[in-house]
Amino acid sequence: MKRHYVDMKIYAKADRNARKKIYSYHVYVSDVLWAILDQKNTQLSTSNTTDITQTGYMTVIPLITATVPEIDVISIIEKLRQAGMIRMTEPGSSARVKVSAEKIAACESKEELKSYCIEKQSMIYAQRLIEIFTDTDNFNKKPHNVQEELTNRFIERMNSYGVKDIKKIIIEHGVYRPTDQQMLKEYLAVSGGQPEDTVINAADINFVRKKLKASNDQDTIQAIYDRKLNPDERSVIAKSGITAEEVEELMKENHRSTLLVAEELSKRTDTPVQYQQVGSYCRRHNIKLGRYHAGAIFCDMEIIRLTKGWPDAKFLCRCINCGTEKECFQSTLHKYKKEGKNMCKICKKKRK
């Protein structure tokens, strides 16, 4: 299977970014909920109160500081129950005795709390929590910017419940397990590409992740790519995922100026691209270059094709009058064009 080029520097940055995103983590619902309960318990024990009555984790307080709102654990548990994350009945009860959210919030140990979490839904992607608390679905299929927006909405929603550090809770208690598709989106976000205009896909990301898991370092993986790349794919332009069709279009838009195209590609790839690199790329992919391309006419000579590459470019040309073919250097074509002189010796002799 053909592997598209993955720049390991970009991948490393994408990985660092993904580690900061809560939707890249697997979490146990019981761990997240216990951390919230623990936070509530700590909050209550340090709050300024005049009369406190405690039963397990349930605390009745007539006065709590206005700057720190009480954590609404009950609403969080109810939301999780509606989504099928938390039991509606007592565990192990044959009579299906209904259990209240208040009783679950009053659990005295993580093991007891865990018994109320539905086992099948116990460890989930944190993105499922985002879906539950933002009333959305198919989070993983949404564009990167939408995922970011939904994540912020989730954090704000938890803030409204009084939970101020849900991001920290998820990252500290979760397991970092981004999907290939998620890592692809992070990679494209760093490189500035979009799914529709890049050749890199989730299978390429999966290949890199397997190599990393097998204890290959990033330099080793980069060397694997560089060894397998053919000359057409080793250029800065090819490595960035820009296709020959896109370069051809840019050449047309910029009047076949390699300098202007190089400037445009530098912006798109966020990497310096020289006009010589554009020229080399175009020659390898048979993209017409500047004035020197098949069909271009210089005085009495029409270019047929390139016969020798840069820097001493040479072209097979044909006289537009008598059809005589001859090879001409690019410098010769430029010289005669500048002087306005014809080059065909056969036609010159005939005129004599």
# chains A, B, ... in the order shown; residues from 1 in each chain; ligands from 1
>>> select_by_dssp(residues="region 160-219 of chain A", states="helix (DSSP H, G or I)", output="count of residues only")
38
>>> residues_around(residues="region 202-212 of chain A", least_positions_apart="3", cutoff="10 Å", atoms="only C-alpha atoms", output="count of residues only")
24
>>> residues_around(residues="Cys317 (chain A)", least_positions_apart="3", cutoff="7 Å", atoms="only C-alpha atoms", output="list in words")
Met301, Glu302, Ile303, Ile304, Glu325, Lys326, Glu327 and Cys328 of chain A
>>> write_last_selection(atoms="all heavy atoms", output="PDB file, in the first residue's frame")
ATOM      1  N   MET A 301      11.424  30.072 -33.929  1.00  0.00           N
ATOM      2  CA  MET A 301      11.521  28.731 -33.360  1.00  0.00           C
ATOM      3  C   MET A 301      10.388  28.460 -32.361  1.00  0.00           C
ATOM      4  O   MET A 301      10.104  29.288 -31.490  1.00  0.00           O
ATOM      5  CB  MET A 301      12.864  28.537 -32.641  1.00  0.00           C
ATOM      6  CG  MET A 301      14.046  28.365 -33.586  1.00  0.00           C
ATOM      7  SD  MET A 301      13.905  26.804 -34.485  1.00  0.00           S
ATOM      8  CE  MET A 301      15.297  26.975 -35.625  1.00  0.00           C
ATOM      9  N   GLU A 302       9.772  27.283 -32.503  1.00  0.00           N
ATOM     10  CA  GLU A 302       8.734  26.841 -31.572  1.00  0.00           C
ATOM     11  C   GLU A 302       9.281  25.697 -30.721  1.00  0.00           C
ATOM     12  O   GLU A 302       9.876  24.746 -31.249  1.00  0.00           O
ATOM     13  CB  GLU A 302       7.495  26.354 -32.331  1.00  0.00           C
ATOM     14  CG  GLU A 302       6.390  25.846 -31.413  1.00  0.00           C
ATOM     15  CD  GLU A 302       5.226  25.240 -32.182  1.00  0.00           C
ATOM     16  OE1 GLU A 302       5.284  25.189 -33.432  1.00  0.00           O
ATOM     17  OE2 GLU A 302       4.258  24.788 -31.532  1.00  0.00           O
ATOM     18  N   ILE A 303       9.128  25.805 -29.415  1.00  0.00           N
ATOM     19  CA  ILE A 303       9.625  24.746 -28.511  1.00  0.00           C
ATOM     20  C   ILE A 303       8.751  23.503 -28.632  1.00  0.00           C
ATOM     21  O   ILE A 303       7.519  23.576 -28.589  1.00  0.00           O
ATOM     22  CB  ILE A 303       9.640  25.229 -27.049  1.00  0.00           C
ATOM     23  CG1 ILE A 303      10.667  26.347 -26.869  1.00  0.00           C
ATOM     24  CG2 ILE A 303       9.941  24.075 -26.084  1.00  0.00           C
ATOM     25  CD1 ILE A 303      10.698  26.942 -25.462  1.00  0.00           C
ATOM     26  N   ILE A 304       9.426  22.344 -28.809  1.00  0.00           N
ATOM     27  CA  ILE A 304       8.714  21.066 -28.868  1.00  0.00           C
ATOM     28  C   ILE A 304       8.701  20.410 -27.487  1.00  0.00           C
ATOM     29  O   ILE A 304       7.662  20.035 -26.975  1.00  0.00           O
ATOM     30  CB  ILE A 304       9.370  20.108 -29.892  1.00  0.00           C
ATOM     31  CG1 ILE A 304       9.338  20.741 -31.289  1.00  0.00           C
ATOM     32  CG2 ILE A 304       8.658  18.754 -29.892  1.00  0.00           C
ATOM     33  CD1 ILE A 304      10.107  19.952 -32.333  1.00  0.00           C
ATOM     34  N   GLU A 325      14.261  20.990 -37.379  1.00  0.00           N
ATOM     35  CA  GLU A 325      14.382  20.853 -35.939  1.00  0.00           C
ATOM     36  C   GLU A 325      15.825  21.047 -35.487  1.00  0.00           C
ATOM     37  O   GLU A 325      16.757  20.644 -36.182  1.00  0.00           O
ATOM     38  CB  GLU A 325      13.888  19.471 -35.482  1.00  0.00           C
ATOM     39  CG  GLU A 325      12.393  19.266 -35.693  1.00  0.00           C
ATOM     40  CD  GLU A 325      11.903  17.918 -35.174  1.00  0.00           C
ATOM     41  OE1 GLU A 325      12.748  17.140 -34.661  1.00  0.00           O
ATOM     42  OE2 GLU A 325      10.696  17.633 -35.275  1.00  0.00           O
ATOM     43  N   LYS A 326      15.993  21.672 -34.328  1.00  0.00           N
ATOM     44  CA  LYS A 326      17.328  21.838 -33.746  1.00  0.00           C
ATOM     45  C   LYS A 326      17.201  22.042 -32.241  1.00  0.00           C
ATOM     46  O   LYS A 326      16.158  22.480 -31.756  1.00  0.00           O
ATOM     47  CB  LYS A 326      18.072  23.013 -34.388  1.00  0.00           C
ATOM     48  CG  LYS A 326      17.466  24.379 -34.078  1.00  0.00           C
ATOM     49  CD  LYS A 326      18.325  25.518 -34.600  1.00  0.00           C
ATOM     50  CE  LYS A 326      19.628  25.627 -33.841  1.00  0.00           C
ATOM     51  NZ  LYS A 326      20.421  26.809 -34.234  1.00  0.00           N
ATOM     52  N   GLU A 327      18.281  21.697 -31.541  1.00  0.00           N
ATOM     53  CA  GLU A 327      18.299  21.904 -30.095  1.00  0.00           C
ATOM     54  C   GLU A 327      18.855  23.287 -29.776  1.00  0.00           C
ATOM     55  O   GLU A 327      19.853  23.709 -30.371  1.00  0.00           O
ATOM     56  CB  GLU A 327      19.144  20.839 -29.400  1.00  0.00           C
ATOM     57  CG  GLU A 327      18.423  19.511 -29.215  1.00  0.00           C
ATOM     58  CD  GLU A 327      19.174  18.558 -28.301  1.00  0.00           C
ATOM     59  OE1 GLU A 327      20.402  18.433 -28.471  1.00  0.00           O
ATOM     60  OE2 GLU A 327      18.539  17.940 -27.430  1.00  0.00           O
ATOM     61  N   CYS A 328      18.208  23.950 -28.835  1.00  0.00           N
ATOM     62  CA  CYS A 328      18.649  25.296 -28.450  1.00  0.00           C
ATOM     63  C   CYS A 328      18.699  25.404 -26.932  1.00  0.00           C
ATOM     64  O   CYS A 328      17.807  24.914 -26.235  1.00  0.00           O
ATOM     65  CB  CYS A 328      17.672  26.355 -28.977  1.00  0.00           C
ATOM     66  SG  CYS A 328      17.449  26.360 -30.767  1.00  0.00           S
TER      67      CYS A 328
END
>>> residues_around(residues="Gln276 (chain A)", least_positions_apart="4", cutoff="12 Å", atoms="only C-alpha atoms", output="list in words")
Ser235, Val236, Ile237, Ser257, Thr258, Leu259, Leu260, Val261, Ala262, Glu263, Pro272, Ser280, Tyr281, Cys282, Arg283, Leu289, Trp310 and Pro311 of chain A
>>> atom_distance(atom1="CA of Leu265 (chain A)", atom2="CA of Glu253 (chain A)")
12.8 Å
>>> closest_residue(among="A:Ile36, A:Met88, A:Ile242, A:Ile118", to="Ser191 (chain A)", atoms="only C-alpha atoms")
A:Ile242
>>> closest_residue(among="A:Glu186, A:Asp219, A:Asp31, A:Asp270", to="Ile124 (chain A)", atoms="only C-alpha atoms")
A:Asp31
>>> atom_distance(atom1="CA of Lys98 (chain A)", atom2="CA of Tyr161 (chain A)")
24.6 Å
>>> closest_residue(among="A:His285, A:Lys114, A:Lys239, A:Arg177", to="Thr271 (chain A)", atoms="only C-alpha atoms")
A:Lys239
>>> residues_around(residues="His173 (chain A)", least_positions_apart="5", cutoff="12 Å", atoms="only C-alpha atoms", output="NGL selection string")
:A and (22 or 25-36 or 123 or 126 or 166-168)
>>> residues_around(residues="region 292-300 of chain A", least_positions_apart="4", cutoff="8 Å", atoms="only C-alpha atoms", output="PDB file with all heavy atoms, in the first residue's frame")
ATOM      1  N   LYS A 288       4.029  23.485 -17.443  1.00  0.00           N
ATOM      2  CA  LYS A 288       4.645  24.527 -18.255  1.00  0.00           C
ATOM      3  C   LYS A 288       5.278  25.595 -17.376  1.00  0.00           C
ATOM      4  O   LYS A 288       4.666  26.084 -16.431  1.00  0.00           O
ATOM      5  CB  LYS A 288       3.594  25.170 -19.171  1.00  0.00           C
ATOM      6  CG  LYS A 288       3.074  24.238 -20.249  1.00  0.00           C
ATOM      7  CD  LYS A 288       2.014  24.924 -21.084  1.00  0.00           C
ATOM      8  CE  LYS A 288       1.466  23.997 -22.160  1.00  0.00           C
ATOM      9  NZ  LYS A 288       0.417  24.654 -22.972  1.00  0.00           N
ATOM     10  N   ILE A 304       9.426  22.344 -28.809  1.00  0.00           N
ATOM     11  CA  ILE A 304       8.714  21.066 -28.868  1.00  0.00           C
ATOM     12  C   ILE A 304       8.701  20.410 -27.487  1.00  0.00           C
ATOM     13  O   ILE A 304       7.662  20.035 -26.975  1.00  0.00           O
ATOM     14  CB  ILE A 304       9.370  20.108 -29.892  1.00  0.00           C
ATOM     15  CG1 ILE A 304       9.338  20.741 -31.289  1.00  0.00           C
ATOM     16  CG2 ILE A 304       8.658  18.754 -29.892  1.00  0.00           C
ATOM     17  CD1 ILE A 304      10.107  19.952 -32.333  1.00  0.00           C
ATOM     18  N   ARG A 305       9.903  20.280 -26.900  1.00  0.00           N
ATOM     19  CA  ARG A 305       9.984  19.683 -25.564  1.00  0.00           C
ATOM     20  C   ARG A 305      11.330  19.995 -24.921  1.00  0.00           C
ATOM     21  O   ARG A 305      12.281  20.395 -25.604  1.00  0.00           O
ATOM     22  CB  ARG A 305       9.785  18.162 -25.621  1.00  0.00           C
ATOM     23  CG  ARG A 305      10.900  17.411 -26.329  1.00  0.00           C
ATOM     24  CD  ARG A 305      10.709  15.895 -26.221  1.00  0.00           C
ATOM     25  NE  ARG A 305      11.789  15.174 -26.865  1.00  0.00           N
ATOM     26  CZ  ARG A 305      11.849  14.888 -28.159  1.00  0.00           C
ATOM     27  NH1 ARG A 305      10.861  15.281 -28.958  1.00  0.00           N
ATOM     28  NH2 ARG A 305      12.878  14.229 -28.662  1.00  0.00           N
ATOM     29  N   LEU A 306      11.394  19.789 -23.624  1.00  0.00           N
ATOM     30  CA  LEU A 306      12.631  19.972 -22.861  1.00  0.00           C
ATOM     31  C   LEU A 306      13.511  18.736 -23.066  1.00  0.00           C
ATOM     32  O   LEU A 306      13.041  17.608 -22.936  1.00  0.00           O
ATOM     33  CB  LEU A 306      12.314  20.136 -21.374  1.00  0.00           C
ATOM     34  CG  LEU A 306      13.498  20.324 -20.429  1.00  0.00           C
ATOM     35  CD1 LEU A 306      14.101  21.716 -20.595  1.00  0.00           C
ATOM     36  CD2 LEU A 306      13.054  20.114 -18.979  1.00  0.00           C
ATOM     37  N   CYS A 319      11.545  25.032 -36.568  1.00  0.00           N
ATOM     38  CA  CYS A 319      11.355  26.283 -37.285  1.00  0.00           C
ATOM     39  C   CYS A 319       9.907  26.393 -37.746  1.00  0.00           C
ATOM     40  O   CYS A 319       9.370  25.456 -38.344  1.00  0.00           O
ATOM     41  CB  CYS A 319      12.296  26.345 -38.488  1.00  0.00           C
ATOM     42  SG  CYS A 319      12.041  27.836 -39.516  1.00  0.00           S
ATOM     43  N   ILE A 320       9.279  27.506 -37.490  1.00  0.00           N
ATOM     44  CA  ILE A 320       7.870  27.678 -37.848  1.00  0.00           C
ATOM     45  C   ILE A 320       7.680  27.912 -39.346  1.00  0.00           C
ATOM     46  O   ILE A 320       6.557  27.847 -39.849  1.00  0.00           O
ATOM     47  CB  ILE A 320       7.245  28.854 -37.064  1.00  0.00           C
ATOM     48  CG1 ILE A 320       7.990  30.157 -37.372  1.00  0.00           C
ATOM     49  CG2 ILE A 320       7.225  28.573 -35.579  1.00  0.00           C
ATOM     50  CD1 ILE A 320       7.356  31.391 -36.733  1.00  0.00           C
ATOM     51  N   ASN A 321       8.795  28.133 -40.060  1.00  0.00           N
ATOM     52  CA  ASN A 321       8.717  28.375 -41.517  1.00  0.00           C
ATOM     53  C   ASN A 321       8.983  27.123 -42.325  1.00  0.00           C
ATOM     54  O   ASN A 321       8.203  26.758 -43.202  1.00  0.00           O
ATOM     55  CB  ASN A 321       9.693  29.482 -41.917  1.00  0.00           C
ATOM     56  CG  ASN A 321       9.353  30.810 -41.247  1.00  0.00           C
ATOM     57  OD1 ASN A 321       8.199  31.225 -41.251  1.00  0.00           O
ATOM     58  ND2 ASN A 321      10.348  31.455 -40.656  1.00  0.00           N
ATOM     59  N   GLN A 330      18.340  27.434 -23.449  1.00  0.00           N
ATOM     60  CA  GLN A 330      17.409  28.479 -23.009  1.00  0.00           C
ATOM     61  C   GLN A 330      18.052  29.853 -23.146  1.00  0.00           C
ATOM     62  O   GLN A 330      17.395  30.820 -23.562  1.00  0.00           O
ATOM     63  CB  GLN A 330      17.010  28.228 -21.537  1.00  0.00           C
ATOM     64  CG  GLN A 330      16.030  29.266 -20.990  1.00  0.00           C
ATOM     65  CD  GLN A 330      15.567  28.935 -19.591  1.00  0.00           C
ATOM     66  OE1 GLN A 330      15.212  27.806 -19.287  1.00  0.00           O
ATOM     67  NE2 GLN A 330      15.587  29.929 -18.719  1.00  0.00           N
ATOM     68  N   LEU A 333      17.783  30.990 -26.771  1.00  0.00           N
ATOM     69  CA  LEU A 333      16.435  31.454 -27.098  1.00  0.00           C
ATOM     70  C   LEU A 333      16.208  32.862 -26.548  1.00  0.00           C
ATOM     71  O   LEU A 333      15.650  33.728 -27.228  1.00  0.00           O
ATOM     72  CB  LEU A 333      15.385  30.497 -26.511  1.00  0.00           C
ATOM     73  CG  LEU A 333      15.327  29.088 -27.131  1.00  0.00           C
ATOM     74  CD1 LEU A 333      14.395  28.193 -26.323  1.00  0.00           C
ATOM     75  CD2 LEU A 333      14.863  29.148 -28.581  1.00  0.00           C
ATOM     76  N   HIS A 334      16.662  33.063 -25.329  1.00  0.00           N
ATOM     77  CA  HIS A 334      16.507  34.373 -24.695  1.00  0.00           C
ATOM     78  C   HIS A 334      17.281  35.449 -25.456  1.00  0.00           C
ATOM     79  O   HIS A 334      16.765  36.550 -25.696  1.00  0.00           O
ATOM     80  CB  HIS A 334      17.004  34.293 -23.245  1.00  0.00           C
ATOM     81  CG  HIS A 334      16.985  35.607 -22.538  1.00  0.00           C
ATOM     82  ND1 HIS A 334      15.822  36.215 -22.116  1.00  0.00           N
ATOM     83  CD2 HIS A 334      18.007  36.453 -22.205  1.00  0.00           C
ATOM     84  CE1 HIS A 334      16.111  37.361 -21.541  1.00  0.00           C
ATOM     85  NE2 HIS A 334      17.431  37.535 -21.576  1.00  0.00           N
ATOM     86  N   TYR A 336      18.363  35.525 -28.708  1.00  0.00           N
ATOM     87  CA  TYR A 336      17.825  35.846 -30.031  1.00  0.00           C
ATOM     88  C   TYR A 336      16.487  36.576 -29.933  1.00  0.00           C
ATOM     89  O   TYR A 336      16.173  37.443 -30.751  1.00  0.00           O
ATOM     90  CB  TYR A 336      17.686  34.574 -30.868  1.00  0.00           C
ATOM     91  CG  TYR A 336      18.974  34.183 -31.566  1.00  0.00           C
ATOM     92  CD1 TYR A 336      19.984  33.538 -30.872  1.00  0.00           C
ATOM     93  CD2 TYR A 336      19.177  34.480 -32.907  1.00  0.00           C
ATOM     94  CE1 TYR A 336      21.175  33.179 -31.479  1.00  0.00           C
ATOM     95  CE2 TYR A 336      20.368  34.132 -33.547  1.00  0.00           C
ATOM     96  CZ  TYR A 336      21.363  33.494 -32.832  1.00  0.00           C
ATOM     97  OH  TYR A 336      22.548  33.156 -33.454  1.00  0.00           O
ATOM     98  N   LYS A 337      15.686  36.194 -28.921  1.00  0.00           N
ATOM     99  CA  LYS A 337      14.404  36.867 -28.717  1.00  0.00           C
ATOM    100  C   LYS A 337      14.639  38.331 -28.361  1.00  0.00           C
ATOM    101  O   LYS A 337      13.958  39.232 -28.872  1.00  0.00           O
ATOM    102  CB  LYS A 337      13.639  36.163 -27.573  1.00  0.00           C
ATOM    103  CG  LYS A 337      12.316  36.807 -27.211  1.00  0.00           C
ATOM    104  CD  LYS A 337      11.225  36.469 -28.202  1.00  0.00           C
ATOM    105  CE  LYS A 337       9.878  36.934 -27.727  1.00  0.00           C
ATOM    106  NZ  LYS A 337       8.803  36.645 -28.685  1.00  0.00           N
ATOM    107  N   GLY A 340      15.769  40.111 -31.380  1.00  0.00           N
ATOM    108  CA  GLY A 340      14.804  40.096 -32.474  1.00  0.00           C
ATOM    109  C   GLY A 340      15.328  39.441 -33.732  1.00  0.00           C
ATOM    110  O   GLY A 340      14.913  39.799 -34.849  1.00  0.00           O
ATOM    111  N   LYS A 341      16.239  38.479 -33.600  1.00  0.00           N
ATOM    112  CA  LYS A 341      16.829  37.804 -34.755  1.00  0.00           C
ATOM    113  C   LYS A 341      16.277  36.390 -34.901  1.00  0.00           C
ATOM    114  O   LYS A 341      15.972  35.732 -33.912  1.00  0.00           O
ATOM    115  CB  LYS A 341      18.345  37.711 -34.594  1.00  0.00           C
ATOM    116  CG  LYS A 341      19.044  39.064 -34.564  1.00  0.00           C
ATOM    117  CD  LYS A 341      20.542  38.865 -34.375  1.00  0.00           C
ATOM    118  CE  LYS A 341      21.278  40.201 -34.329  1.00  0.00           C
ATOM    119  NZ  LYS A 341      22.731  40.000 -34.100  1.00  0.00           N
ATOM    120  N   ASN A 342      16.186  35.916 -36.161  1.00  0.00           N
ATOM    121  CA  ASN A 342      15.772  34.536 -36.416  1.00  0.00           C
ATOM    122  C   ASN A 342      16.951  33.589 -36.220  1.00  0.00           C
ATOM    123  O   ASN A 342      18.114  33.971 -36.408  1.00  0.00           O
ATOM    124  CB  ASN A 342      15.230  34.392 -37.831  1.00  0.00           C
ATOM    125  CG  ASN A 342      13.887  35.100 -37.984  1.00  0.00           C
ATOM    126  OD1 ASN A 342      13.154  35.262 -37.013  1.00  0.00           O
ATOM    127  ND2 ASN A 342      13.570  35.531 -39.183  1.00  0.00           N
ATOM    128  N   MET A 343      16.658  32.324 -35.899  1.00  0.00           N
ATOM    129  CA  MET A 343      17.714  31.364 -35.588  1.00  0.00           C
ATOM    130  C   MET A 343      17.909  30.284 -36.646  1.00  0.00           C
ATOM    131  O   MET A 343      18.961  29.665 -36.708  1.00  0.00           O
ATOM    132  CB  MET A 343      17.412  30.688 -34.239  1.00  0.00           C
ATOM    133  CG  MET A 343      17.597  31.612 -33.045  1.00  0.00           C
ATOM    134  SD  MET A 343      17.155  30.791 -31.492  1.00  0.00           S
ATOM    135  CE  MET A 343      15.409  31.137 -31.456  1.00  0.00           C
ATOM    136  N   CYS A 344      16.897  30.012 -37.470  1.00  0.00           N
ATOM    137  CA  CYS A 344      16.978  28.904 -38.416  1.00  0.00           C
ATOM    138  C   CYS A 344      18.002  29.191 -39.521  1.00  0.00           C
ATOM    139  O   CYS A 344      17.833  30.117 -40.336  1.00  0.00           O
ATOM    140  CB  CYS A 344      15.605  28.642 -39.034  1.00  0.00           C
ATOM    141  SG  CYS A 344      15.616  27.260 -40.206  1.00  0.00           S
TER     142      CYS A 344
END
>>> closest_residue(among="A:Glu90, A:Phe133, A:Ile71, A:Ser240", to="Lys9 (chain A)", atoms="only C-alpha atoms")
A:Ser240
